[in-house]
$ cat run_12.cif   # mmCIF, C-alpha atoms
data_entry
#
loop_
_atom_site.label_atom_id
_atom_site.label_comp_id
_atom_site.auth_asym_id
_atom_site.auth_seq_id
_atom_site.Cartn_x
_atom_site.Cartn_y
_atom_site.Cartn_z
CA MET A 741 -7.55 -3.08 5.00
CA SER A 742 -10.63 -1.98 6.86
CA GLY A 743 -13.00 0.46 5.24
CA GLU A 744 -12.69 4.17 5.86
CA ARG A 745 -15.09 5.93 8.17
CA LEU A 746 -17.41 8.19 6.22
CA SER A 747 -18.18 11.26 8.24
CA VAL A 748 -19.26 14.85 7.92
CA PRO A 749 -17.20 17.59 9.59
CA SER A 750 -18.93 19.14 12.56
CA ASP A 751 -19.08 22.56 10.90
CA ASN A 752 -21.49 21.32 8.21
CA ALA A 753 -24.18 19.36 9.96
CA SER A 754 -24.37 17.15 12.99
CA SER A 755 -24.43 13.94 10.96
CA VAL A 756 -21.99 11.21 11.80
CA ASN A 757 -21.49 7.65 10.68
CA ASP A 758 -21.48 4.71 12.97
CA ALA A 759 -18.01 3.40 12.28
CA PHE A 760 -17.37 -0.10 11.03
CA ALA A 761 -21.00 -1.15 10.92
CA GLU A 762 -21.58 -4.74 9.92
CA GLY A 763 -24.44 -5.33 7.53
CA PRO A 764 -27.47 -3.18 6.82
CA ARG A 765 -29.16 -1.50 9.73
CA ALA A 766 -31.03 1.70 10.53
CA GLU A 767 -30.39 3.67 13.68
CA ARG A 768 -32.42 6.67 14.78
CA ARG A 769 -30.72 9.45 16.65
CA SER A 770 -33.66 11.80 16.90
CA GLY A 771 -36.31 11.80 19.55
CA SER A 772 -39.29 11.01 17.34
CA ALA A 773 -40.17 7.52 16.18
CA THR A 774 -40.48 8.54 12.52
CA PRO A 775 -38.58 11.15 10.55
CA THR A 776 -40.26 14.51 10.14
CA LYS A 777 -40.14 16.69 7.04
CA GLU A 778 -37.46 18.85 8.63
CA GLU A 779 -35.11 15.93 9.19
CA GLN A 780 -32.48 14.79 6.74
CA ILE A 781 -31.83 11.10 6.21
CA VAL A 782 -28.08 10.72 5.86
CA VAL A 783 -27.23 7.63 3.87
CA THR A 784 -24.22 5.87 5.34
CA TRP A 785 -22.33 2.79 4.30
CA GLU A 786 -19.45 1.12 5.98
CA GLU A 787 -17.38 -1.38 4.06
CA ASN A 788 -14.53 -3.57 5.25
CA ASP A 789 -12.31 -4.51 2.36
CA PRO A 790 -10.46 -7.80 2.58
CA GLU A 791 -6.71 -7.64 2.69
CA ASN A 792 -5.28 -8.71 -0.64
CA PRO A 793 -1.61 -9.59 -1.14
CA GLN A 794 -0.40 -8.04 -4.39
CA LEU A 795 2.39 -9.26 -6.64
CA ALA A 796 2.06 -6.82 -9.53
CA PRO A 797 4.60 -4.25 -8.21
CA PHE A 798 7.27 -6.97 -8.23
CA ALA A 799 6.22 -8.69 -11.44
CA GLY A 800 6.75 -5.56 -13.57
CA PRO A 801 10.52 -5.21 -12.98
CA ALA A 802 10.87 -8.92 -13.88
CA ILE A 803 8.65 -9.17 -16.95
CA GLY A 804 9.84 -5.92 -18.55
CA PRO A 805 13.53 -6.92 -18.94
CA THR A 806 12.49 -10.34 -20.26
CA ILE A 807 10.43 -8.82 -23.06
CA SER A 808 12.99 -6.14 -23.91
CA GLY A 809 15.79 -8.73 -23.80
CA TYR A 810 14.18 -10.93 -26.41
CA LEU A 811 13.32 -7.88 -28.53
CA SER A 812 17.04 -7.13 -28.51
CA VAL A 813 17.88 -10.72 -29.45
CA ALA A 814 15.38 -10.53 -32.33
CA GLY A 815 17.13 -7.43 -33.62
CA VAL A 816 14.04 -5.22 -33.82
CA SER A 817 14.26 -1.45 -33.46
CA TRP A 818 14.47 -0.02 -29.97
CA ARG A 819 11.38 2.01 -30.84
CA TRP A 820 9.31 -1.16 -30.54
CA ILE A 821 9.82 -1.12 -26.79
CA PHE A 822 7.97 2.19 -26.61
CA TRP A 823 5.36 1.05 -29.14
CA LEU A 824 4.63 -1.99 -26.98
CA LEU A 825 4.39 0.20 -23.87
CA ALA A 826 2.00 2.57 -25.65
CA ILE A 827 -0.17 -0.32 -26.92
CA PHE A 828 -0.27 -1.98 -23.51
CA ALA A 829 -1.07 1.29 -21.74
CA GLY A 830 -3.80 2.04 -24.26
CA VAL A 831 -5.46 -1.36 -23.81
CA CYS A 832 -5.29 -1.02 -20.03
CA PHE A 833 -6.79 2.47 -20.23
CA LEU A 834 -9.75 1.22 -22.26
CA LEU A 835 -10.29 -1.71 -19.89
CA ILE A 836 -10.21 0.63 -16.89
CA LEU A 837 -12.50 3.14 -18.57
CA PHE A 838 -15.20 0.65 -19.58
CA THR A 839 -14.95 -2.19 -17.06
CA LEU A 840 -13.60 -0.86 -13.75
CA PRO A 841 -16.47 0.15 -11.44
CA GLU A 842 -16.38 3.08 -9.04
CA THR A 843 -15.15 1.87 -5.65
CA TYR A 844 -14.73 5.09 -3.65
CA ALA A 845 -17.34 4.74 -0.92
CA PRO A 846 -18.25 8.47 -0.53
CA VAL A 847 -19.01 8.73 -4.25
CA LEU A 848 -21.02 5.50 -4.15
CA LEU A 849 -23.06 6.97 -1.31
CA VAL A 850 -23.83 10.06 -3.40
CA LYS A 851 -25.12 7.81 -6.20
CA LYS A 852 -27.15 5.78 -3.74
CA ALA A 853 -28.66 8.87 -2.14
CA LYS A 854 -29.66 10.18 -5.58
CA ARG A 855 -31.24 6.83 -6.41
CA LEU A 856 -33.20 6.83 -3.17
CA ARG A 857 -34.42 10.35 -3.83
CA ASN A 858 -35.58 9.34 -7.30
CA GLU A 859 -37.24 6.12 -6.11
CA THR A 860 -39.00 7.56 -3.07
CA GLY A 861 -39.50 11.16 -4.11
CA ASP A 862 -38.08 12.07 -0.70
CA SER A 863 -35.49 14.84 -1.01
CA ARG A 864 -34.25 14.29 2.54
CA TYR A 865 -31.93 11.44 1.49
CA VAL A 866 -28.43 12.92 1.32
CA ALA A 867 -24.91 11.54 1.42
CA PRO A 868 -22.20 12.94 3.71
CA LEU A 869 -20.20 14.12 0.69
CA GLU A 870 -23.14 16.25 -0.43
CA LEU A 871 -23.05 18.07 2.90
CA THR A 872 -19.32 18.72 2.69
CA HIS A 873 -18.14 21.83 0.88
CA VAL A 874 -14.37 22.09 0.39
CA SER A 875 -12.80 24.85 -1.68
CA PHE A 876 -10.51 23.99 -4.58
CA THR A 877 -7.54 25.56 -2.77
CA GLU A 878 -8.16 23.50 0.35
CA ARG A 879 -8.63 20.36 -1.69
CA LEU A 880 -5.36 21.03 -3.55
CA LYS A 881 -3.59 21.61 -0.25
CA ASN A 882 -4.88 18.33 1.17
CA ILE A 883 -3.86 16.39 -1.93
CA LEU A 884 -0.40 17.84 -2.57
CA LEU A 885 0.92 19.10 0.77
CA LYS A 886 -0.65 16.98 3.49
CA PRO A 887 1.36 13.81 2.67
CA PHE A 888 4.64 15.70 3.19
CA VAL A 889 3.36 17.42 6.33
CA VAL A 890 2.55 14.02 7.80
CA LEU A 891 5.92 12.60 6.70
CA ILE A 892 8.16 15.31 8.16
CA ASN A 893 6.31 15.27 11.48
CA GLU A 894 6.47 11.51 11.98
CA PRO A 895 9.89 9.96 12.79
CA MET A 896 8.26 6.54 12.68
CA LEU A 897 7.02 7.12 9.13
CA ILE A 898 10.38 8.59 8.09
CA ALA A 899 12.17 5.42 9.23
CA ILE A 900 9.69 3.14 7.46
CA THR A 901 9.85 5.21 4.27
CA ALA A 902 13.66 5.23 4.27
CA TYR A 903 13.76 1.45 4.69
CA MET A 904 11.15 0.75 2.03
CA SER A 905 12.80 3.22 -0.36
CA PHE A 906 16.13 1.46 0.00
CA ILE A 907 14.52 -1.92 -0.69
CA TYR A 908 12.48 -0.60 -3.60
CA GLY A 909 15.54 1.04 -5.11
CA ASN A 910 17.43 -2.25 -4.91
CA ILE A 911 14.71 -4.02 -6.89
CA TYR A 912 15.33 -1.67 -9.80
CA LEU A 913 19.07 -1.69 -9.20
CA LEU A 914 19.02 -5.38 -10.06
CA LEU A 915 17.87 -4.46 -13.57
CA GLN A 916 21.40 -3.20 -14.12
CA ALA A 917 23.23 -5.61 -11.81
CA TYR A 918 21.88 -8.82 -13.35
CA PRO A 919 23.35 -8.14 -16.82
CA VAL A 920 26.77 -7.62 -15.20
CA VAL A 921 26.54 -11.03 -13.50
CA PHE A 922 24.61 -13.10 -16.04
CA THR A 923 25.38 -11.45 -19.40
CA GLU A 924 29.00 -10.44 -18.85
CA GLY A 925 29.94 -13.07 -16.28
CA HIS A 926 28.04 -16.14 -17.51
CA HIS A 927 27.79 -15.03 -21.16
CA LEU A 928 24.00 -15.42 -21.39
CA ASN A 929 22.24 -13.46 -24.11
CA THR A 930 20.03 -10.54 -23.14
CA GLY A 931 16.84 -12.56 -23.48
CA VAL A 932 17.95 -15.35 -21.15
CA SER A 933 19.52 -12.80 -18.82
CA GLY A 934 16.13 -11.10 -18.57
CA LEU A 935 14.56 -14.43 -17.63
CA MET A 936 16.78 -14.48 -14.54
CA LEU A 937 14.68 -11.70 -13.04
CA LEU A 938 11.60 -13.95 -12.97
CA ASN A 939 12.98 -15.31 -9.71
CA LEU A 940 11.52 -12.24 -7.95
CA PRO A 941 7.84 -12.97 -8.73
CA VAL A 942 8.50 -16.68 -8.10
CA GLY A 943 9.66 -15.74 -4.61
CA GLY A 944 6.60 -13.51 -4.29
CA VAL A 945 4.28 -16.42 -5.18
CA ILE A 946 5.94 -18.57 -2.52
CA ALA A 947 5.46 -15.72 -0.02
CA VAL A 948 1.77 -15.48 -0.93
CA PHE A 949 1.23 -19.15 -0.13
CA ILE A 950 3.07 -18.73 3.17
CA TYR A 951 0.91 -15.73 3.93
CA ILE A 952 -2.36 -17.51 3.12
CA LEU A 953 -1.50 -20.70 4.97
CA PHE A 954 0.20 -19.32 8.07
CA VAL A 955 0.26 -15.54 8.46
CA ASN A 956 -3.36 -14.66 7.72
CA PRO A 957 -4.86 -17.36 10.02
CA ARG A 958 -2.54 -16.10 12.75
CA TYR A 959 -3.81 -12.55 12.27
CA GLU A 960 -7.42 -13.74 12.35
CA ARG A 961 -6.74 -15.34 15.70
CA ALA A 962 -5.27 -12.03 16.86
CA ILE A 963 -8.50 -10.29 15.83
CA GLN A 964 -10.51 -12.67 18.01
CA LYS A 965 -8.06 -12.31 20.87
CA HIS A 966 -8.20 -8.52 20.97
CA ALA A 967 -11.92 -8.14 20.16
CA PRO A 968 -13.74 -5.81 20.55
CA HIS A 969 -10.61 -3.65 20.42
CA PRO A 970 -8.53 -3.31 17.24
CA VAL A 971 -5.45 -5.45 16.79
CA PRO A 972 -2.28 -3.51 17.70
CA PRO A 973 -0.49 -2.45 14.48
CA GLU A 974 2.72 -4.03 15.74
CA ILE A 975 1.23 -7.46 15.05
CA ARG A 976 1.60 -6.60 11.36
CA LEU A 977 5.38 -6.48 11.74
CA GLU A 978 5.78 -10.20 12.37
CA MET A 979 6.34 -10.83 8.65
CA CYS A 980 8.87 -8.02 8.49
CA VAL A 981 10.86 -9.62 11.30
CA ILE A 982 11.30 -12.61 8.98
CA GLY A 983 11.69 -10.65 5.76
CA ALA A 984 14.34 -8.19 6.96
CA PRO A 985 17.04 -10.82 7.71
CA LEU A 986 16.15 -12.70 4.51
CA PHE A 987 16.78 -9.53 2.49
CA VAL A 988 20.27 -9.21 3.97
CA ILE A 989 21.00 -12.89 3.35
CA ALA A 990 19.77 -12.63 -0.25
CA PHE A 991 22.25 -9.88 -1.15
CA PHE A 992 25.23 -11.61 0.43
CA TRP A 993 24.11 -14.81 -1.31
CA PHE A 994 23.83 -13.07 -4.67
CA GLY A 995 27.17 -11.31 -4.30
CA TRP A 996 29.36 -14.21 -3.24
CA THR A 997 27.89 -16.71 -5.70
CA SER A 998 28.31 -14.34 -8.64
CA TYR A 999 31.69 -15.75 -9.70
CA PRO A 1000 31.63 -16.95 -13.32
CA SER A 1001 33.13 -20.25 -12.09
CA ILE A 1002 30.00 -20.92 -9.99
CA SER A 1003 26.82 -22.14 -11.70
CA PHE A 1004 24.38 -19.36 -12.56
CA VAL A 1005 21.73 -21.30 -10.61
CA ALA A 1006 23.28 -20.20 -7.31
CA PRO A 1007 22.80 -16.43 -7.78
CA LEU A 1008 19.49 -17.17 -9.52
CA LEU A 1009 18.13 -18.84 -6.37
CA SER A 1010 19.18 -15.85 -4.27
CA GLY A 1011 16.57 -13.88 -6.16
CA VAL A 1012 13.85 -16.26 -4.97
CA CYS A 1013 14.90 -15.54 -1.39
CA LEU A 1014 14.92 -11.84 -2.24
CA GLY A 1015 11.40 -12.06 -3.67
CA VAL A 1016 10.09 -13.69 -0.49
CA SER A 1017 11.77 -11.08 1.70
CA VAL A 1018 10.57 -8.08 -0.33
CA PHE A 1019 6.98 -9.34 -0.31
CA PHE A 1020 7.07 -9.91 3.46
CA ILE A 1021 8.61 -6.50 4.17
CA PHE A 1022 6.34 -4.51 1.88
CA LEU A 1023 3.07 -6.16 2.86
CA SER A 1024 3.98 -5.90 6.52
CA LEU A 1025 5.03 -2.25 6.51
CA ILE A 1026 2.23 -1.06 4.23
CA ASN A 1027 -0.34 -2.68 6.51
CA TYR A 1028 1.43 -1.21 9.52
CA ILE A 1029 1.21 2.29 8.03
CA VAL A 1030 -2.51 1.84 7.37
CA ASP A 1031 -3.24 0.51 10.85
CA ALA A 1032 -1.01 2.99 12.69
CA TYR A 1033 -2.00 6.12 10.76
CA LEU A 1034 -5.65 5.22 10.71
CA PHE A 1035 -7.14 8.62 9.86
CA VAL A 1036 -4.35 9.87 7.57
CA ALA A 1037 -3.41 6.52 6.04
CA ALA A 1038 -3.88 7.75 2.47
CA SER A 1039 -1.54 10.70 3.04
CA ALA A 1040 1.04 8.53 4.81
CA LEU A 1041 1.01 5.99 1.96
CA ALA A 1042 1.20 8.77 -0.65
CA ALA A 1043 4.33 10.22 0.95
CA ASN A 1044 5.85 6.76 1.26
CA THR A 1045 5.10 5.92 -2.38
CA PHE A 1046 6.47 9.24 -3.64
CA VAL A 1047 9.81 8.86 -1.86
CA ARG A 1048 10.37 5.20 -2.74
CA SER A 1049 9.45 5.86 -6.37
CA ILE A 1050 12.28 8.40 -6.49
CA ALA A 1051 14.60 5.73 -5.09
CA GLY A 1052 13.41 3.30 -7.75
CA ALA A 1053 14.33 5.84 -10.45
CA VAL A 1054 17.70 6.85 -8.97
CA PHE A 1055 19.26 3.50 -7.98
CA PRO A 1056 19.61 2.13 -11.55
CA LEU A 1057 21.55 5.27 -12.53
CA PHE A 1058 24.60 4.25 -10.51
CA ALA A 1059 24.14 0.46 -10.44
CA THR A 1060 26.24 -0.45 -13.49
CA GLN A 1061 29.12 1.82 -12.48
CA MET A 1062 29.09 0.47 -8.94
CA TYR A 1063 29.03 -3.19 -9.99
CA GLU A 1064 31.78 -2.69 -12.55
CA ALA A 1065 34.00 -0.62 -10.22
CA LEU A 1066 33.62 -2.75 -7.09
CA ASN A 1067 32.81 -6.06 -8.89
CA PRO A 1068 29.56 -7.91 -8.11
CA ARG A 1069 30.88 -9.43 -4.87
CA TRP A 1070 31.75 -6.23 -3.07
CA ALA A 1071 28.95 -4.16 -4.59
CA SER A 1072 26.38 -6.66 -3.30
CA THR A 1073 28.21 -6.82 0.03
CA LEU A 1074 27.95 -3.04 0.36
CA LEU A 1075 24.20 -3.18 -0.25
CA GLY A 1076 23.87 -6.11 2.15
CA LEU A 1077 25.71 -4.17 4.88
CA ILE A 1078 23.41 -1.16 4.42
CA ALA A 1079 20.42 -3.52 4.65
CA LEU A 1080 21.95 -5.01 7.81
CA VAL A 1081 22.19 -1.54 9.38
CA MET A 1082 18.52 -0.85 8.56
CA MET A 1083 17.31 -4.32 9.58
CA PRO A 1084 16.56 -3.35 13.24
CA ILE A 1085 13.85 -0.86 12.16
CA PRO A 1086 10.91 -3.33 12.43
CA PHE A 1087 12.29 -4.67 15.72
CA VAL A 1088 12.49 -1.13 17.13
CA LEU A 1089 8.92 -0.44 15.98
CA ILE A 1090 7.67 -3.57 17.72
CA LYS A 1091 9.27 -2.51 21.00
CA PHE A 1092 8.71 1.25 20.92
CA GLY A 1093 5.85 1.55 18.43
CA PRO A 1094 3.06 1.84 21.03
CA ARG A 1095 4.93 4.64 22.81
CA LEU A 1096 5.63 6.47 19.57
CA ARG A 1097 2.01 6.19 18.47
CA LYS A 1098 0.82 7.45 21.83
CA ASN A 1099 2.88 10.63 21.42
CA SER A 1100 2.11 11.04 17.73
CA LYS A 1101 -0.17 13.70 16.32
CA TYR A 1102 -1.26 11.53 13.40
CA ALA A 1103 -0.99 7.97 14.74
CA PRO A 1104 -3.43 7.59 17.62
CA SER A 1105 -2.82 4.69 19.98
CA LYS A 1106 -6.43 3.65 19.44
CA PRO A 1107 -9.15 4.68 16.96
CA LYS A 1108 -10.94 7.87 17.89
CA GLU A 1109 -14.60 7.59 18.76
CA MET A 1110 -16.83 9.51 16.41
CA PRO A 1111 -19.18 11.94 18.22
CA THR A 1112 -22.82 11.01 18.50
CA LEU A 1113 -25.57 13.36 17.42
CA SER A 1114 -26.14 14.46 21.01
CA GLU A 1115 -22.45 15.34 21.36
CA ALA A 1116 -22.31 17.35 18.15
CA PRO A 1117 -22.65 21.15 18.35
CA THR A 1118 -26.16 22.55 18.14
CA LEU A 1119 -26.78 24.00 14.70
CA THR A 1120 -29.65 25.76 13.00
CA SER A 1121 -29.66 23.12 10.27
CA PRO A 1122 -32.31 20.39 10.29
CA SER A 1123 -31.79 17.45 12.60
CA VAL A 1124 -30.31 14.35 11.06
CA VAL A 1125 -31.22 10.70 10.91
CA ASN A 1126 -28.42 8.21 10.23
CA VAL A 1127 -29.45 5.27 8.09
CA ASN A 1128 -27.12 2.45 7.11
CA VAL A 1129 -28.30 0.93 3.89
CA SER A 1130 -27.38 -2.33 2.20
CA GLN A 1131 -24.43 -2.44 -0.16
CA GLU A 1132 -26.51 -3.27 -3.21
CA LYS A 1133 -26.05 -0.85 -6.09
#

$ encode --input "run_12.cif" --output "structure tokens"
Amino acid sequence: MSGERLSVPSDNASSVNDAFAEGPRAERRSGSATPTKEEQIVVTWEENDPENPQLAPFAGPAIGPTISGYLSVAGVSWRWIFWLLAIFAGVCFLLILFTLPETYAPVLLVKKAKRLRNETGDSRYVAPLELTHVSFTERLKNILLKPFVVLINEPMLIAITAYMSFIYGNIYLLLQAYPVVFTEGHHLNTGVSGLMLLNLPVGGVIAVFIYILFVNPRYERAIQKHAPHPVPPEIRLEMCVIGAPLFVIAFFWFGWTSYPSISFVAPLLSGVCLGVSVFFIFLSLINYIVDAYLFVAASALAANTFVRSIAGAVFPLFATQMYEALNPRWASTLLGLIALVMMPIPFVLIKFGPRLRKNSKYAPSKPKEMPTLSEAPTLTSPSVVNVNVSQEK
């Protein structure tokens, strides 16, 4: 995902970043050759983060039931599940607290500006965040309300969120569906039944290799093809076009191979297919949201995450009842049919996405150009010099 543009609102000072700068450089916007005492030197830094496929969201629902299953087989108290969670969370908290560096670029710029002021004795070095003054109420509004404002005003985002929520809910639904098939149907103990869920991260690993070997090089060629313009977000949906049908196939596969008379390997392998499809769909749609909603990507992702997390909590509540009432065949068929109905969403976005983005308030058809100093409103504040500095700490 490309780095965010660090800018200062026009009502503070006429300082603006040069977006997506590559490498250290200094650019003067004032008329004089050297900065005067009245000028501020605004420290800017543009960073392009590499795109990293992530498996952790899919590994958790697989590893958790495996551990809890073998705890059950060992006969330990159920309280140990929560003790293990508390210990693990505590260790992670300490690791984050003492080893995870600050990565938020605006805050890093504040630290860098302070360091430059201390090293040079020049108080004119400032970071954009230091020139921005936002009230607590406004900040709270932006954090809590803006994601939902973006969501309800964007049909495109609503469709994506509904699709991803359904898929995410099904991942957690399997936590209840697998015991019905493997524990009750194939008479596996809870520990071995938990191991069956490891097919999801296995499928994710396969998808990562496919992504690295084929998808990412294809996207890099698209970058070169469309340069100097950004790659259309619809290019991101190519993986989803593959993943969406695979998700449907995986549920029909799981359902109609769930007979106790059929080897447990058959429904087990359906989970590998499911893992590949979920990885393709999620990586594709998350990147599409970021690219399409360039300037409100954080809010769009927050709304998406909030809704699909609710789905992940709700789906397991009815999973056992549904699989026992309908039996695993027809319960999985029902879910597969719903997935089939939602499958055209990425295809529709590929065809009509550019038109929808063109008419959208939050998803511009192309990145907005940041105003130059000469275009900014005339203020009584000191003139500003933009300086891009190296990324060294």

$ atom_distance --input "run_12.cif" --atom1 "atom CA of Phe922 of chain A" --atom2 "atom CA of Ser1003 of chain A"
10.3 Å

$ resolve_selection --input "run_12.cif" --expression "the PyMOL selection byres ((chain A and resi 968-982) around 6)" --output "VMD selection string"
chain A and resid 963 966 to 967 983 to 984 1020 to 1021 1024 1028 1031 to 1032 1090

$ closest_residue --input "run_12.cif" --among "A:Asn1044, A:Gln964, A:Thr901, A:Ser933" --to "Thr806 of chain A" --atoms "only C-alpha atoms"
A:Ser933

$ atom_distance --input "run_12.cif" --atom1 "atom CA of Glu878 of chain A" --atom2 "atom CA of Ala845 of chain A"
20.9 Å

$ resolve_selection --input "run_12.cif" --expression "the PyMOL selection byres ((chain A and resi 811-828) around 12)" --output "ChimeraX atom specification"
/A:804-810,829-835,928-934

$ closest_residue --input "run_12.cif" --among "A:Ala1051, A:Leu953, A:Ala1059, A:Ala902" --to "Tyr918 of chain A" --atoms "all atoms listed in the file"
A:Ala1059

$ closest_residue --input "run_12.cif" --among "A:Leu937, A:Ala1037, A:Ala1071, A:Leu1008" --to "Ile803 of chain A" --atoms "only C-alpha atoms"
A:Leu937

$ closest_residue --input "run_12.cif" --among "A:Gly800, A:Gly944, A:Pro1104, A:Gly909" --to "Cys1013 of chain A" --atoms "all atoms listed in the file"
A:Gly944

$ residues_around --input "run_12.cif" --residues "Val948 of chain A" --least-positions-apart "2" --cutoff "12 Å" --atoms "all atoms listed in the file" --output "NGL selection string"
:A and (792-795 or 941-946 or 950-956 or 979 or 1015-1020 or 1023)

$ write_last_selection --input "run_12.cif" --atoms "C-alpha atoms" --output "compact mmCIF listing (two decimals), in the frame of the given file"
# COMPACT_ATOMS: atom_id res chain seq x y z
CA ASN A 792 -5.28 -8.71 -0.64
CA PRO A 793 -1.61 -9.59 -1.14
CA GLN A 794 -0.40 -8.04 -4.39
CA LEU A 795 2.39 -9.26 -6.64
CA PRO A 941 7.84 -12.97 -8.73
CA VAL A 942 8.50 -16.68 -8.10
CA GLY A 943 9.66 -15.74 -4.61
CA GLY A 944 6.60 -13.51 -4.29
CA VAL A 945 4.28 -16.42 -5.18
CA ILE A 946 5.94 -18.57 -2.52
CA ILE A 950 3.07 -18.73 3.17
CA TYR A 951 0.91 -15.73 3.93
CA ILE A 952 -2.36 -17.51 3.12
CA LEU A 953 -1.50 -20.70 4.97
CA PHE A 954 0.20 -19.32 8.07
CA VAL A 955 0.26 -15.54 8.46
CA ASN A 956 -3.36 -14.66 7.72
CA MET A 979 6.34 -10.83 8.65
CA GLY A 1015 11.40 -12.06 -3.67
CA VAL A 1016 10.09 -13.69 -0.49
CA SER A 1017 11.77 -11.08 1.70
CA VAL A 1018 10.57 -8.08 -0.33
CA PHE A 1019 6.98 -9.34 -0.31
CA PHE A 1020 7.07 -9.91 3.46
CA LEU A 1023 3.07 -6.16 2.86

$ resolve_selection --input "run_12.cif" --expression "the PyMOL selection byres ((chain A and resi 994) around 12)" --output "MDAnalysis selection string"
chainID A and resid 914 917:918 921:922 986:993 995:999 1002:1014 1068:1076

$ atom_distance --input "run_12.cif" --atom1 "atom CA of Phe949 of chain A" --atom2 "atom CA of Ala802 of chain A"
19.7 Å
